[in-house]
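Structure data (TSV, C-alpha atoms and all ligand atoms) from run_26.tsv:
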chain	number	residue	atom	x	y	z
A	255	MET	CA	131.39	-5.01	25.40
A	256	GLN	CA	130.53	-1.32	25.23
A	257	LEU	CA	133.23	-0.65	27.83
A	258	PHE	CA	135.70	-1.27	25.02
A	259	SER	CA	134.13	0.97	22.40
A	260	PRO	CA	135.68	4.36	21.58
A	261	LEU	CA	134.11	7.59	22.75
A	262	THR	CA	134.44	11.26	21.90
A	263	VAL	CA	135.03	13.37	25.00
A	264	GLY	CA	135.09	17.00	23.97
A	265	ARG	CA	138.17	17.42	21.82
A	266	LEU	CA	139.46	13.90	22.53
A	267	THR	CA	138.57	10.54	21.12
A	268	VAL	CA	139.33	7.85	23.66
A	269	PRO	CA	139.70	4.13	22.89
A	270	ASN	CA	137.57	2.78	25.74
A	271	ARG	CA	135.09	3.85	28.39
A	272	ILE	CA	137.03	2.56	31.40
A	273	PHE	CA	138.20	5.77	33.09
A	274	MET	CA	140.36	6.14	36.17
A	275	ALA	CA	138.61	8.11	38.95
A	276	PRO	CA	140.60	10.83	40.71
A	277	LEU	CA	142.45	9.36	43.70
A	278	THR	CA	144.40	11.35	46.28
A	279	ARG	CA	147.50	9.36	47.21
A	280	VAL	CA	149.71	12.07	48.81
A	281	ARG	CA	152.87	11.17	46.89
A	282	ALA	CA	154.01	14.69	45.95
A	283	ASP	CA	157.10	16.24	47.55
A	284	GLU	CA	157.26	18.73	50.45
A	285	ALA	CA	156.67	21.59	48.03
A	286	HIS	CA	153.58	19.75	46.66
A	287	VAL	CA	155.30	19.12	43.35
A	288	ALA	CA	154.40	15.95	41.43
A	289	GLY	CA	157.48	13.98	40.42
A	290	ASP	CA	158.70	10.68	39.05
A	291	LEU	CA	156.72	8.54	41.51
A	292	ILE	CA	153.45	10.08	40.37
A	293	ALA	CA	154.52	10.00	36.71
A	294	GLU	CA	155.20	6.28	36.98
A	295	HIS	CA	151.84	5.67	38.66
A	296	TYR	CA	149.82	7.24	35.86
A	297	ARG	CA	152.09	5.83	33.15
A	298	GLN	CA	151.29	2.32	34.39
A	299	ARG	CA	147.57	3.07	34.02
A	300	ALA	CA	147.73	4.83	30.63
A	301	ALA	CA	145.50	2.24	28.94
A	302	ALA	CA	142.47	3.81	30.69
A	303	GLY	CA	140.22	5.65	28.26
A	304	LEU	CA	140.92	8.73	30.38
A	305	LEU	CA	143.02	9.15	33.51
A	306	ILE	CA	141.58	11.75	35.86
A	307	ALA	CA	144.47	12.78	38.09
A	308	GLU	CA	143.94	13.40	41.77
A	309	ALA	CA	142.57	16.49	43.54
A	310	THR	CA	145.18	19.21	43.05
A	311	MET	CA	145.34	22.42	45.07
A	312	VAL	CA	144.65	25.68	43.27
A	313	SER	CA	145.87	27.64	46.29
A	314	GLY	CA	148.84	27.53	48.65
A	315	GLU	CA	146.42	28.04	51.54
A	316	ALA	CA	144.37	24.96	50.74
A	317	ARG	CA	146.37	22.03	52.01
A	318	ALA	CA	144.15	19.38	53.60
A	319	PHE	CA	146.00	16.06	53.52
A	320	GLY	CA	149.75	16.49	53.62
A	321	LEU	CA	151.70	15.79	50.48
A	322	GLU	CA	148.91	16.32	47.98
A	323	PRO	CA	150.01	18.02	44.76
A	324	GLY	CA	149.43	21.63	43.80
A	325	ILE	CA	149.05	23.62	40.58
A	326	TYR	CA	149.57	27.14	41.92
A	327	SER	CA	153.18	27.70	40.86
A	328	GLU	CA	155.45	27.25	37.86
A	329	ALA	CA	157.28	24.48	39.72
A	330	HIS	CA	153.99	22.60	40.06
A	331	ALA	CA	153.31	22.92	36.34
A	332	ALA	CA	156.83	21.68	35.57
A	333	GLY	CA	156.34	18.68	37.86
A	334	TRP	CA	153.03	17.80	36.25
A	335	ARG	CA	154.64	18.15	32.80
A	336	ARG	CA	156.76	15.12	33.64
A	337	VAL	CA	153.55	13.22	34.42
A	338	THR	CA	151.67	14.21	31.27
A	339	ASP	CA	154.73	13.49	29.12
A	340	ALA	CA	155.01	9.99	30.63
A	341	VAL	CA	151.30	9.31	30.04
A	342	HIS	CA	151.33	10.64	26.49
A	343	ALA	CA	154.48	8.67	25.64
A	344	ALA	CA	152.61	5.56	26.81
A	345	GLY	CA	149.69	6.43	24.51
A	346	GLY	CA	147.34	7.72	27.25
A	347	ARG	CA	145.21	10.76	27.97
A	348	ILE	CA	145.04	12.64	31.28
A	349	ALA	CA	142.88	15.27	32.97
A	350	LEU	CA	143.77	17.23	36.11
A	351	GLN	CA	141.26	17.72	38.91
A	352	LEU	CA	141.29	21.32	40.16
A	353	TRP	CA	140.42	21.45	43.85
A	354	HIS	CA	139.91	23.74	46.81
A	355	PRO	CA	138.93	22.07	50.10
A	356	GLY	CA	137.09	25.05	51.60
A	357	ARG	CA	136.12	24.17	55.18
A	358	ALA	CA	137.46	20.59	54.94
A	359	THR	CA	140.88	21.48	56.28
A	360	HIS	CA	142.56	22.98	59.33
A	361	GLN	CA	144.55	26.15	59.99
A	362	ASP	CA	147.41	24.06	61.39
A	363	LEU	CA	147.95	22.71	57.87
A	364	ASN	CA	147.91	26.21	56.38
A	365	ARG	CA	150.22	28.45	58.40
A	366	GLY	CA	147.43	29.41	60.79
A	367	ILE	CA	145.07	30.60	58.05
A	368	GLN	CA	141.47	29.82	58.94
A	369	PRO	CA	139.59	27.68	56.38
A	370	VAL	CA	136.98	29.43	54.26
A	371	SER	CA	133.55	28.28	53.11
A	372	SER	CA	130.14	29.50	52.00
A	373	SER	CA	129.11	29.76	55.66
A	374	ASP	CA	130.65	29.52	59.11
A	375	LYS	CA	129.29	26.00	59.69
A	376	PRO	CA	132.00	23.50	60.59
A	377	ILE	CA	132.08	19.83	59.58
A	378	ARG	CA	130.43	18.09	62.53
A	379	GLY	CA	131.92	14.78	63.57
A	380	GLY	CA	134.99	13.24	62.03
A	381	HIS	CA	138.48	14.62	62.40
A	382	ILE	CA	141.38	15.85	60.37
A	383	HIS	CA	145.02	14.80	60.58
A	384	THR	CA	147.23	17.78	61.43
A	385	PRO	CA	150.93	18.02	62.30
A	386	SER	CA	149.95	17.86	65.99
A	387	GLY	CA	147.64	14.85	65.56
A	388	LYS	CA	143.95	14.28	64.94
A	389	GLN	CA	141.74	17.29	65.58
A	390	PRO	CA	138.07	18.14	65.06
A	391	TYR	CA	137.36	20.29	62.03
A	392	PRO	CA	137.49	23.99	62.93
A	393	ALA	CA	134.76	26.51	62.18
A	394	PRO	CA	135.45	28.12	58.79
A	395	ARG	CA	135.09	31.76	57.90
A	396	ALA	CA	132.32	32.60	55.43
A	397	LEU	CA	133.88	34.17	52.33
A	398	ARG	CA	132.84	37.78	51.82
A	399	THR	CA	131.08	38.48	48.53
A	400	GLU	CA	133.98	40.59	47.33
A	401	GLU	CA	136.44	37.72	47.94
A	402	ILE	CA	134.71	35.39	45.49
A	403	PRO	CA	136.38	36.73	42.33
A	404	GLY	CA	139.69	35.81	43.96
A	405	ILE	CA	138.54	32.19	44.32
A	406	VAL	CA	137.45	32.10	40.67
A	407	GLU	CA	140.84	33.50	39.70
A	408	LEU	CA	142.63	30.68	41.56
A	409	PHE	CA	140.82	28.13	39.41
A	410	ARG	CA	141.49	30.15	36.24
A	411	GLN	CA	145.20	30.24	37.00
A	412	GLY	CA	145.13	26.54	37.84
A	413	ALA	CA	143.62	25.89	34.41
A	414	GLU	CA	146.32	27.97	32.74
A	415	ARG	CA	149.04	26.02	34.51
A	416	ALA	CA	147.31	22.72	33.76
A	417	ALA	CA	147.31	23.64	30.08
A	418	ALA	CA	150.99	24.60	30.28
A	419	ALA	CA	151.67	21.26	31.97
A	420	GLY	CA	150.20	19.40	29.01
A	421	PHE	CA	146.92	18.09	30.44
A	422	ASP	CA	144.33	17.11	27.85
A	423	LEU	CA	141.43	18.31	30.00
A	424	VAL	CA	140.71	19.66	33.44
A	425	GLU	CA	138.03	18.47	35.81
A	426	ILE	CA	136.56	21.02	38.23
A	427	HIS	CA	136.04	19.35	41.61
A	428	GLY	CA	132.48	20.21	42.56
A	429	ALA	CA	131.96	17.07	44.66
A	430	HIS	CA	132.56	15.58	48.11
A	431	GLY	CA	131.82	18.58	50.26
A	432	TYR	CA	134.78	20.68	49.16
A	433	LEU	CA	134.56	24.41	48.52
A	434	ILE	CA	132.43	24.46	45.38
A	435	ASP	CA	130.09	21.83	46.83
A	436	GLN	CA	129.85	23.91	50.02
A	437	PHE	CA	128.23	26.58	47.87
A	438	LEU	CA	126.06	24.16	45.87
A	439	ARG	CA	124.31	22.43	48.76
A	440	ASP	CA	121.83	24.09	51.07
A	441	GLY	CA	122.83	21.98	54.08
A	442	VAL	CA	125.91	24.21	54.35
A	443	ASN	CA	125.24	27.31	52.25
A	444	ASP	CA	123.10	29.73	54.28
A	445	ARG	CA	124.25	32.89	52.51
A	446	THR	CA	121.98	35.81	51.88
A	447	ASP	CA	124.01	37.39	49.07
A	448	ARG	CA	123.84	36.40	45.40
A	449	TYR	CA	125.82	33.21	46.14
A	450	GLY	CA	123.19	31.73	48.46
A	451	GLY	CA	119.51	30.87	48.61
A	452	SER	CA	118.07	29.96	45.19
A	453	LEU	CA	119.56	27.28	42.96
A	454	GLU	CA	120.65	30.02	40.62
A	455	ASN	CA	122.59	31.65	43.43
A	456	ARG	CA	124.08	28.49	44.93
A	457	THR	CA	125.39	27.39	41.53
A	458	ARG	CA	126.78	30.85	40.70
A	459	LEU	CA	130.29	30.15	42.04
A	460	LEU	CA	130.51	26.89	40.10
A	461	PHE	CA	129.42	28.54	36.87
A	462	GLU	CA	131.77	31.47	37.36
A	463	ILE	CA	134.60	28.98	37.78
A	464	VAL	CA	133.44	26.95	34.77
A	465	ASP	CA	133.31	30.10	32.65
A	466	ALA	CA	136.79	31.16	33.76
A	467	VAL	CA	138.27	27.72	33.07
A	468	VAL	CA	136.44	27.45	29.74
A	469	GLY	CA	137.90	30.85	28.86
A	470	VAL	CA	141.37	29.35	29.21
A	471	LEU	CA	140.91	25.89	27.71
A	472	GLY	CA	137.73	25.91	25.63
A	473	ALA	CA	134.57	24.10	26.75
A	474	ASP	CA	135.63	20.92	24.97
A	475	ARG	CA	138.53	20.48	27.41
A	476	VAL	CA	136.55	20.97	30.62
A	477	GLY	CA	134.61	18.54	32.82
A	478	VAL	CA	132.82	18.92	36.16
A	479	ARG	CA	132.56	16.39	38.98
A	480	LEU	CA	129.50	16.41	41.24
A	481	SER	CA	128.23	14.25	44.10
A	482	PRO	CA	124.90	15.88	44.91
A	483	ALA	CA	123.67	13.10	47.21
A	484	HIS	CA	126.95	12.11	48.87
A	485	GLY	CA	126.98	12.65	52.63
A	486	GLY	CA	130.75	12.73	53.20
A	487	ASN	CA	132.22	15.82	54.86
A	488	ASP	CA	128.88	16.35	56.64
A	489	MET	CA	127.08	17.42	53.47
A	490	ALA	CA	123.35	17.48	52.76
A	491	ASP	CA	120.93	19.04	50.33
A	492	THR	CA	117.15	19.17	50.39
A	493	ASP	CA	116.77	18.35	46.67
A	494	PRO	CA	119.83	16.78	45.01
A	495	VAL	CA	117.91	15.92	41.82
A	496	ALA	CA	116.83	19.53	41.30
A	497	LEU	CA	120.39	20.65	41.98
A	498	VAL	CA	121.96	18.28	39.48
A	499	ARG	CA	119.33	19.11	36.88
A	500	HIS	CA	120.06	22.82	37.22
A	501	VAL	CA	123.81	22.30	36.96
A	502	ALA	CA	123.44	19.91	34.00
A	503	ARG	CA	121.36	22.52	32.16
A	504	GLY	CA	123.99	25.20	32.72
A	505	LEU	CA	126.79	22.88	31.63
A	506	GLN	CA	124.83	22.01	28.49
A	507	GLU	CA	124.47	25.73	27.67
A	508	ARG	CA	128.23	26.06	27.99
A	509	GLY	CA	128.97	22.89	26.01
A	510	VAL	CA	131.45	21.38	28.46
A	511	ALA	CA	132.95	18.01	27.56
A	512	TYR	CA	131.68	15.96	30.46
A	513	LEU	CA	129.74	15.73	33.68
A	514	HIS	CA	131.15	13.22	36.16
A	515	LEU	CA	128.61	11.94	38.64
A	516	ARG	CA	129.98	10.32	41.79
A	517	HIS	CA	127.35	8.07	43.35
A	518	THR	CA	127.02	6.75	46.84
A	519	GLN	CA	125.24	3.64	45.61
A	520	HIS	CA	124.95	3.78	41.85
A	521	ASP	CA	121.88	1.51	41.59
A	522	ALA	CA	119.84	3.11	44.39
A	523	PRO	CA	116.62	4.82	43.16
A	524	GLN	CA	117.86	8.30	44.05
A	525	ASP	CA	121.14	7.76	42.25
A	526	ILE	CA	119.36	6.49	39.14
A	527	ALA	CA	117.18	9.60	39.31
A	528	LEU	CA	120.32	11.76	39.39
A	529	ALA	CA	121.69	10.07	36.26
A	530	GLN	CA	118.33	10.41	34.49
A	531	ALA	CA	118.16	14.10	35.36
A	532	VAL	CA	121.62	14.65	33.86
A	533	ARG	CA	120.66	12.68	30.76
A	534	ALA	CA	117.55	14.78	30.28
A	535	GLU	CA	119.49	18.05	30.32
A	536	PHE	CA	123.04	17.35	29.19
A	537	ARG	CA	124.23	16.01	25.86
A	538	GLY	CA	127.94	15.89	26.66
A	539	VAL	CA	129.58	12.78	28.07
A	540	LEU	CA	128.11	11.40	31.29
A	541	ILE	CA	130.74	9.64	33.40
A	542	ARG	CA	129.42	7.73	36.39
A	543	ASN	CA	131.41	6.39	39.32
A	544	GLY	CA	130.94	4.70	42.67
A	545	GLY	CA	131.06	0.98	43.32
A	546	PHE	CA	130.87	-0.14	39.71
A	547	THR	CA	132.20	-3.52	38.62
A	548	ARG	CA	132.98	-4.66	35.09
A	549	GLU	CA	129.44	-6.07	34.82
A	550	SER	CA	127.48	-3.25	36.46
A	551	GLY	CA	129.47	-0.71	34.45
A	552	GLU	CA	128.60	-2.50	31.25
A	553	ASP	CA	124.94	-2.66	32.32
A	554	ALA	CA	124.88	1.11	32.90
A	555	LEU	CA	126.34	1.74	29.45
A	556	ARG	CA	123.86	-0.65	27.81
A	557	ALA	CA	120.95	0.98	29.65
A	558	GLY	CA	122.02	4.28	28.12
A	559	LEU	CA	122.50	5.78	31.57
A	560	ALA	CA	126.23	6.41	31.21
A	561	ASP	CA	128.78	7.01	28.45
A	562	ALA	CA	131.81	6.02	30.51
A	563	ILE	CA	132.46	4.50	33.93
A	564	ALA	CA	135.17	5.76	36.27
A	565	TYR	CA	136.79	3.19	38.55
A	566	GLY	CA	138.58	4.21	41.73
A	567	MET	CA	139.60	1.37	44.05
A	568	PRO	CA	139.89	-1.13	41.17
A	569	PHE	CA	142.49	1.10	39.49
A	570	ILE	CA	144.49	1.50	42.70
A	571	ALA	CA	145.38	-2.18	42.83
A	572	ASN	CA	145.22	-3.01	39.12
A	573	PRO	CA	147.38	-0.87	36.85
A	574	ASP	CA	146.27	-3.15	34.00
A	575	LEU	CA	142.56	-2.90	34.85
A	576	VAL	CA	141.61	-2.47	31.18
A	577	GLU	CA	143.46	-5.65	30.26
A	578	ARG	CA	141.97	-7.53	33.20
A	579	PHE	CA	138.45	-6.46	32.21
A	580	ALA	CA	139.17	-7.52	28.61
A	581	ARG	CA	140.25	-10.97	29.77
A	582	ASN	CA	137.67	-11.12	32.57
A	583	ALA	CA	140.60	-11.84	34.88
A	584	PRO	CA	140.52	-11.62	38.69
A	585	LEU	CA	141.51	-8.34	40.34
A	586	ASN	CA	144.22	-7.64	42.92
A	587	ALA	CA	142.94	-6.44	46.30
A	588	VAL	CA	143.79	-2.94	47.58
A	589	ASP	CA	146.29	-2.69	50.42
A	590	MET	CA	144.53	-0.17	52.66
A	591	GLN	CA	147.69	0.46	54.75
A	592	THR	CA	149.51	2.09	51.85
A	593	LEU	CA	146.69	4.28	50.48
A	594	TYR	CA	148.17	7.43	51.98
A	595	ALA	CA	151.66	6.16	52.84
A	596	PRO	CA	154.83	7.55	51.28
A	597	GLY	CA	156.81	5.85	48.54
A	598	ALA	CA	156.28	3.31	45.80
A	599	LYS	CA	155.01	0.50	48.05
A	600	GLY	CA	151.29	-0.01	47.48
A	601	TYR	CA	151.49	2.63	44.77
A	602	ASN	CA	153.64	1.53	41.88
A	603	ASP	CA	154.28	-2.12	42.75
A	604	TYR	CA	150.90	-3.79	42.13
A	605	PRO	CA	151.44	-6.76	39.81
A	606	VAL	CA	150.10	-6.95	36.28
A	607	LEU	CA	148.77	-10.12	34.68
A	608	ALA	CA	151.25	-12.47	33.11
A	609	ALA	CA	151.11	-12.19	29.33
A	610	ALA	CA	148.49	-14.45	27.76
A	611	VAL	CA	150.01	-17.55	26.19
B	1	LIG	C1	142.22	6.73	48.40
B	1	LIG	C2	141.12	7.53	47.75
B	1	LIG	C3	141.38	8.81	47.33
B	1	LIG	C4	140.40	9.57	46.68
B	1	LIG	N1	140.70	10.81	46.20
B	1	LIG	C5	139.79	11.51	45.49
B	1	LIG	C6	140.12	12.75	44.87
B	1	LIG	O1	141.25	13.23	44.94
B	1	LIG	N2	139.15	13.39	44.17
B	1	LIG	C7	137.88	12.89	44.05
B	1	LIG	O2	137.03	13.51	43.42
B	1	LIG	N3	137.56	11.69	44.59
B	1	LIG	C8	138.47	10.99	45.28
B	1	LIG	N4	138.15	9.76	45.78
B	1	LIG	C9	136.87	9.14	45.41
B	1	LIG	C10	137.06	8.27	44.18
B	1	LIG	O3	137.34	9.06	43.03
B	1	LIG	C11	135.79	7.46	43.88
B	1	LIG	O4	134.71	8.34	43.78
B	1	LIG	C12	135.50	6.41	44.96
B	1	LIG	O5	136.65	5.62	45.23
B	1	LIG	C13	134.34	5.49	44.54
B	1	LIG	O6	134.64	4.82	43.32
B	1	LIG	P1	135.07	3.26	43.32
B	1	LIG	O7	133.92	2.53	44.00
B	1	LIG	O8	135.23	2.87	41.90
B	1	LIG	O9	136.32	3.15	44.15
B	1	LIG	C14	139.10	9.01	46.48
B	1	LIG	C15	138.84	7.72	46.94
B	1	LIG	C16	139.83	6.98	47.57
B	1	LIG	C17	139.52	5.57	48.01

Here is a file; write its structure as C-alpha cells.
Amino acid sequence: MQLFSPLTVGRLTVPNRIFMAPLTRVRADEAHVAGDLIAEHYRQRAAAGLLIAEATMVSGEARAFGLEPGIYSEAHAAGWRRVTDAVHAAGGRIALQLWHPGRATHQDLNRGIQPVSSSDKPIRGGHIHTPSGKQPYPAPRALRTEEIPGIVELFRQGAERAAAAGFDLVEIHGAHGYLIDQFLRDGVNDRTDRYGGSLENRTRLLFEIVDAVVGVLGADRVGVRLSPAHGGNDMADTDPVALVRHVARGLQERGVAYLHLRHTQHDAPQDIALAQAVRAEFRGVLIRNGGFTRESGEDALRAGLADAIAYGMPFIANPDLVERFARNAPLNAVDMQTLYAPGAKGYNDYPVLAAAV
C-alpha cells in the first residue's frame, strides 16, 4: 500500500504516509505547560509518519479551552522539549501547531481581555465553556492595522520556541475559523484596510506569518493547515476554491514543506475541487484529512490527490494505528467522555494489538 511508502516532507524523510492530525486534548498543566502525560501520549503514537501536535497558544491572551498548551514562554518550550525528546527517542517525528483563536474565545478565559478578530462580527450560535459556565461567544474587537505586526511577532516567537523545544516542523493553524482563518474568509473579514477585501489582502496576514516563521525555521520546516470550506465556528467564504488556489500559489513561491487540507467531506465534489486546486499550484506535500479510512486514504494516494493522509479520531483510540492498518486489524472506538477530561484515562490507556504470533 502507498500508505506505507516513505515520503520526503521538506527536510524530513518519513517512513509512511499515515500522519496524526492535530488534536486538542487539554492535558497541559495550569500554566499551560506540556508535561509527562502529553509526552507519553505522543510517544505511544511515534510510528506515525508525522505527528502533528495539538493547537498551541502563541499568546497568553489566547486561551479558549482550558488546559490547552502554550508556546509563549521558556517554561512552555522546556515542557515541549520533554515531549519531542520522548518522540525522537521512540524513533518518531513531530510538528507543533501554532495557534491563535481570534474571536473563538471569551474574555472570561483571558483575564477580561476582549477577543480580537479581523472584524467585530461574533460567532453566531454555539457557546463557549467559561469558568462561570456556558456562554454565547462575545463580540470581538477588530484588530487595528498597526496591531497586526504584533500578531505576526507572536507566531515568530512561537516558531523560535518550537525550534528550541526540538520540533522537526511547525504547522501554522490557518483552519477552523481561528484568527488567521478569520482574515482569510470573506464571511467574517469585512476590513477596508490592506488586510481585507481582495484575496491578496485577506491572505496578507497568513503570508506575513508564514514569512516570519520561515525566517526562523526555513521553508522546509514549515507547513500550513487550511479548511477553506469548513463551516465550524460560523465560518463562510464565497469562493473557497479561489481562496485555496491563491494560498497554494503563495506557499509554492515560498517553498514551504506542506499544505494540510482539512475537509468536511473529503469525497464531496467541492472538496475534490479544493484538492485539485492545491495540486495545480503547489508542488510541496499535500496532506489531506477529514473522515478518511485506511481504504479511502489509500484511494486518495493512488488517485494522486494526496501525498499523505492525516487521521484524527482513529489516532485518539489507536496508538498503534500504523500497525493496525498494516495488519488490517479492527480499530478501538473513541471514548467521547474523556476527549477533554483530565488525566490519563481515555488518553494514554487505549490498548494496542497483541503481538502477532
Ligand atoms: C478532540 C478533537 C480535537 C481537535 N483539535 C484540533 C486542533 O487542535 N487543531 C486542529 O487543527 N484540528 C483539531 N481537530 C480536528 C482534527 O485535526 C481533524 O481535522 C478531525 O478530527 C477530522 O479528522 P478525522 O475524521 O480523521 O478525525 C480536533 C478534532 C477533535 C475530534

Exercise for the section: Please check which protein, DNA or RNA residues sit within 8 Å of ligand LIG 1 (chain B), counting only C-alpha atoms and all ligand atoms, and write them as a PyMOL selection string. Expected result: chain A and resi 275-279+307-310+351+427+429-430+479+516-518+543-547+564-569+593-594

Using the file's own x, y and z axes, so that the box edges lie along x, y and z, what centre and edge lengths in Å (one decimal) does a box around every listed atom of stretch 527-534 of chain A get when 5 Å is added on each side? Give it as JSON.
{"center_x": 119.4, "center_y": 12.2, "center_z": 34.8, "size_x": 14.5, "size_y": 15.2, "size_z": 19.1}

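When only C-alpha atoms are used to measure the gap to A:Glu507, the shortest distance among A:Ala301, A:Ala531, A:Val464, A:Ile377 belongs to A:Val464.
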
Exercise for the section: Measure the distance from atom CA of A:Ala419 to atom CA of A:Leu480 in Å and round it to one decimal. Expected result: 24.5 Å

Practice task
May I have the protein, DNA and RNA residues with any atom at most 9 Å from the point (137.3, 28.1, 50.7), counting all atoms listed in the file, written as a list of chain:residue names?
Solution key: A:Ala316, A:His354, A:Pro355, A:Gly356, A:Arg357, A:Ala358, A:Pro369, A:Val370, A:Ser371, A:Ser372, A:Pro394, A:Arg395, A:Ala396, A:Leu397, A:Ile405, A:Tyr432, A:Leu433, A:Ile434, A:Gln436

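You can rank A:Leu321, A:Leu352, A:Ile570, A:Val268 by their closest distance to A:Tyr601 using all atoms listed in the file, and at the top of that list sits A:Ile570.
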
Practice task
Determine, counting only C-alpha atoms, which protein, DNA and RNA residues have an atom within 8 Å of an atom of A:Leu471; residues of the same chain fewer than 4 positions away are not included. Present the result as a VMD selection string.
Solution key: chain A and resid 413 to 414 417 423 467 475 to 476

Restricted to C-alpha atoms, what would the selected residues look like written as a PDB file, in the frame of the given file?
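Just written: result-v7.pdb:
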ATOM      1  CA  ALA A 413     143.620  25.890  34.410  1.00  0.00           C
ATOM      2  CA  GLU A 414     146.320  27.970  32.740  1.00  0.00           C
ATOM      3  CA  ALA A 417     147.310  23.640  30.080  1.00  0.00           C
ATOM      4  CA  LEU A 423     141.430  18.310  30.000  1.00  0.00           C
ATOM      5  CA  VAL A 467     138.270  27.720  33.070  1.00  0.00           C
ATOM      6  CA  ARG A 475     138.530  20.480  27.410  1.00  0.00           C
ATOM      7  CA  VAL A 476     136.550  20.970  30.620  1.00  0.00           C
TER       8      VAL A 476
END

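The residue set within 12 Å of A:Arg297, counting all atoms listed in the file and dropping same-chain residues fewer than 5 places from it, reads Asp290, Leu291, Ile292, Ala302, Leu304, Leu305, Ala307, Arg336, Val337, Thr338, Asp339, Ala340, Val341, His342, Ala343, Ala344, Gly345, Gly346, Arg347, Ile348, Pro573, Asp574 and Asn602 of chain A.
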
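Atom CA of A:Val470 is positioned 28.8 Å from atom CA of A:Gly320.
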
Exercise for the section: Would you kindly return, as a list of chain:residue names, each protein, DNA or RNA residue with an atom no farther than 6 Å from any atom of A:Ile463, considering all atoms listed in the file and excluding same-chain residues fewer than 3 positions away? Expected result: A:Val406, A:Leu460, A:Ala466

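Taking atom CA of A:Leu540 and atom CA of A:Ala562 as the two end points, the separation is 6.6 Å.
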